[in-house]
Amino acid sequence: MGRQSPTLLRRLQRVELAVRAAVAARRESDPQPDDPFRGLYLSDEAVDAALAAGREPFHPWPGDPADASARASAGSGPAAGAGPTPAGAPAGPEGTGRDPGPDRLAALARAAGLTPLDEALLLVALAPDVDSRFELFYGYLNDDVTRRRPSVGLALRLCGLPEAAASARLRLAAGAPLIDLALLRVDSPDRPVLSRGLWVPDRVGGWLLGADAPEPSLVGFAEPVDAAGPPPPGAEQLGRSGARLAYLREKPGGSATALAVAALDQAGRGALAIDLPRLAADPQAAELATVLVREALLTGAGLVVGPVRGDEPWAVWSRLTAGEVPVLAYGTQPWDPSWTAGAPVQVDVVPLSAAARAEAWRAALPGPVADGLDPAAATAQFVLGAPAIRRAASVAVQLAAATGEPVGAAHLRAGARTQNAAGLERLARRIVPEVGWDDLVLPPATLSLLHELAGRARHRDLVLREWRMRPGGGRGHGVAALFAGDSGTGKTMSAEVMAGSLGLDLYTVNLATVVDKYVGETEKNLERIFGEAAGVNGVLLFDEADAIFGKRSEVRDAHDRYANIESAYLLQRMETFDGLAVLATNLRANLDEAFTRRLDVVVDFPVPDEAARKALWDRCLGDRVPRAPDVDLGFLAEAFELAGGHIRSAAVTAGYLAAGAGRPVGMTELIGAVGREYRKLGRLTLESEFGPYLGLAV
């Protein structure tokens, strides 16, 4: 066995000294130390001795310096003339006889609306947690040594009231602040009322004694939040309104939490942010809601509750709105009056203006940035609130520090993308753009329209919000485009390039997760996608859009009627969408004309001509693929009328053939790959097209 640590042995000796001192103190105060039944009952002599004893503790080791200074300033108990602590009044910390916190108790009484009787009942229940002698007193008075907390009847008697006083008993029943706010607990509901025990939760007792550690059971459900940065518009008015219940309806890019926290700060309160979905999902949600209100009451904070989804139990709302603690809820949907008994003050939280967003970026980036960089302009296409801007700026600073560079536009955009919610990835496939404008081989007119579309995304806040070019009608501030063209003409790649140029991610909607054979389910799936996309800074791509954005038809049966309802829903939803959406289709004629009116840009992707095909062959082979001397890109472009997607597929196939043969890519591999592509397309390999290479198209 290893040797024992001398330091540990010395510390154990100090524990032994403490035990010896405690035994000596116990014997000095015990009038019958040799009683064989001691501990099974309480004699009158033992109670009298406890009443006469002071609470001067023994200190076998130094303890906390703050406690020592407190003892020095307060004297040494009875010897200093303070006299024993009066019965019925709890002793202060370290037995000094001081009140455990009269200011806090008075503040709690004011905040919770406690009556003097409530305060007295609270003190009676708190006494055993402050002075251990009260366990003995209450056991004696309860005539049961095992019951060391006051009963309801005993508490009423100690307050000078008859046990049958109905008005006094109601102060310990549901509907009274002591009970509804969980400041006092009543146990053993199966017992008669007067014999039920009273106790004060540890958090309440600790707070009254000066401890500020938060309630452990609230970890994961709530956290204190401090106001940061300049207050958002409307915070001062909301804070001064004194509203006890408010609902902040958040628009995409709005900062409801920042507004709520700033409003509470303006009112001189802290903020306790509550994760409402997690709270509502907990089996003990109602009980936790009560504890949350109590925590806000103790700390002088208001509750910032959200995001509201509308499926929260009514009991949660009734508990959260009990008492006088301000509750500022937020969400994206309209408020339902049935959620709470009282009507809230309703406020629409709109996105930051361009000037406010620029100020938020300047405040969040105190360090050096790249020369000539305007953070607000570099991120104009992102819809972010003030808190999201601060988090994005923090990420950008870290990314720049990792490369040893000043903060640049790429760092800012990467930081902004980290603020995207993850919900959309469960409904659509996320693509991180890896191509740029130089990778596109398109006619000038098509490229011009794509640049125009990117410009609309960058400047939509200025044009639509500040210049109000799309007012009224509940219209959204989104940008929608249609990419129409044959398969392989570059529609998806163009959407990726546009997203990359804006610093955004591309989300491709999987139609298999959208279309449902059951009536109404397709609309629900689309609503989930649109709802999630509104909170994401990205480009939403509906590939093969004619499958869900098709024409409405004459109603001949129930199927036609429900198909038309689906299309009508999509027409309305596109009108109110606030994001960036691209619809891609091979069959433009199949789209409903009403969709075309709601589109900002329509881009036609033609089949590439000979010059474009040659550029595509060269681009798809790239500069890393070894080429044989016989490669004739001019012949490939002239002979084979293929779209860009087919050319890319053929180039990749040629690469595999060359790698398998262990040689550079030559005409043998390229012609063979084209032949395979022809067979995939169901086209014949004619001598007029393949010419002298016909034999290689195997």
# chains A, B, ... in the order shown; residues from 1 in each chain; ligands from 1
>>> residues_around(residues="range 282-292 of chain A", least_positions_apart="5", cutoff="10 Å", atoms="only C-alpha atoms", output="ChimeraX atom specification")
/A:179-183,203,215,217-218,221-222,272-274,276-277,297-298,303,312-322
>>> closest_atom_pairs(of="range 391-446 of chain A", to="range 596-611 of chain A", cutoff="9 Å", atoms="only C-alpha atoms", output="tab-separated table")
residue	atom	partner	partner_atom	distance
A:Val441	CA	A:Pro608	CA	8.4
A:Leu442	CA	A:Pro608	CA	7.5
A:Pro443	CA	A:Pro608	CA	8.2
A:Thr446	CA	A:Val603	CA	6.4
>>> closest_residue(among="A:Ser448, A:Thr403, A:Asn537, A:Thr489", to="Leu580 in chain A", atoms="only C-alpha atoms")
A:Asn537
>>> closest_residue(among="A:Pro334, A:Gly488, A:Pro626, A:Pro368", to="Ala401 in chain A", atoms="only C-alpha atoms")
A:Pro368
>>> residues_around(residues="Leu427 in chain A", least_positions_apart="2", cutoff="10 Å", atoms="only C-alpha atoms", output="list in words")
Ala422, Gly423, Leu424, Glu425, Arg429, Arg430, Tyr507, Thr508, Val509, Asn510, Leu511, Ala512, Thr513, Val514, Asn525, Leu526, Arg528, Ile529, Glu532 and Ala533 of chain A
>>> residues_around(residues="range 456-458 of chain A", least_positions_apart="3", cutoff="12 Å", atoms="only C-alpha atoms", output="PyMOL selection string")
chain A and resi 354+376-383+449-453+461-464+477-481+498-499+501-504+537-539+578-582+600-601
>>> decode(residues="range 383-442 of chain A", atoms="C-alpha atoms", output="compact mmCIF listing (two decimals), in the first residue's frame")
# COMPACT_ATOMS: atom_id res chain seq x y z
CA VAL A 383 -30.55 39.64 -43.22
CA LEU A 384 -29.11 39.76 -39.70
CA GLY A 385 -30.18 41.31 -36.43
CA ALA A 386 -27.82 43.06 -34.01
CA PRO A 387 -27.05 39.95 -31.87
CA ALA A 388 -26.39 37.87 -34.99
CA ILE A 389 -24.09 40.61 -36.33
CA ARG A 390 -22.08 40.56 -33.09
CA ARG A 391 -21.72 36.78 -33.25
CA ALA A 392 -20.84 36.86 -36.96
CA ALA A 393 -18.23 39.56 -36.33
CA SER A 394 -16.69 37.47 -33.55
CA VAL A 395 -16.37 34.48 -35.90
CA ALA A 396 -14.91 36.71 -38.64
CA VAL A 397 -12.28 38.10 -36.25
CA GLN A 398 -11.26 34.58 -35.25
CA LEU A 399 -11.04 33.44 -38.87
CA ALA A 400 -8.90 36.45 -39.77
CA ALA A 401 -6.64 35.90 -36.75
CA ALA A 402 -6.10 32.28 -37.81
CA THR A 403 -4.74 33.45 -41.17
CA GLY A 404 -2.89 36.47 -39.79
CA GLU A 405 -4.83 38.86 -42.00
CA PRO A 406 -7.07 41.84 -41.33
CA VAL A 407 -10.77 41.09 -41.44
CA GLY A 408 -11.92 40.88 -45.06
CA ALA A 409 -15.18 40.41 -46.92
CA ALA A 410 -14.71 36.63 -47.10
CA HIS A 411 -14.27 36.44 -43.31
CA LEU A 412 -17.39 38.53 -42.74
CA ARG A 413 -19.50 36.41 -45.07
CA ALA A 414 -18.22 33.18 -43.54
CA GLY A 415 -19.09 34.52 -40.10
CA ALA A 416 -22.54 35.55 -41.29
CA ARG A 417 -23.21 32.07 -42.69
CA THR A 418 -22.55 30.55 -39.27
CA GLN A 419 -25.70 32.29 -38.03
CA ASN A 420 -27.96 30.18 -40.23
CA ALA A 421 -30.38 27.91 -38.43
CA ALA A 422 -29.93 24.20 -39.10
CA GLY A 423 -33.62 23.42 -39.58
CA LEU A 424 -33.57 23.90 -43.36
CA GLU A 425 -30.87 21.24 -43.81
CA ARG A 426 -33.40 18.62 -42.71
CA LEU A 427 -35.67 19.63 -45.59
CA ALA A 428 -33.20 20.60 -48.31
CA ARG A 429 -29.66 19.68 -49.36
CA ARG A 430 -27.07 22.32 -48.55
CA ILE A 431 -24.40 23.02 -51.14
CA VAL A 432 -21.35 25.10 -50.26
CA PRO A 433 -20.54 26.96 -53.52
CA GLU A 434 -17.19 26.05 -55.04
CA VAL A 435 -17.54 27.70 -58.46
CA GLY A 436 -17.42 31.32 -59.59
CA TRP A 437 -18.37 33.53 -62.49
CA ASP A 438 -15.29 32.44 -64.47
CA ASP A 439 -16.55 28.86 -64.46
CA LEU A 440 -19.71 29.75 -66.37
CA VAL A 441 -19.80 29.48 -70.15
CA LEU A 442 -22.98 31.32 -71.11
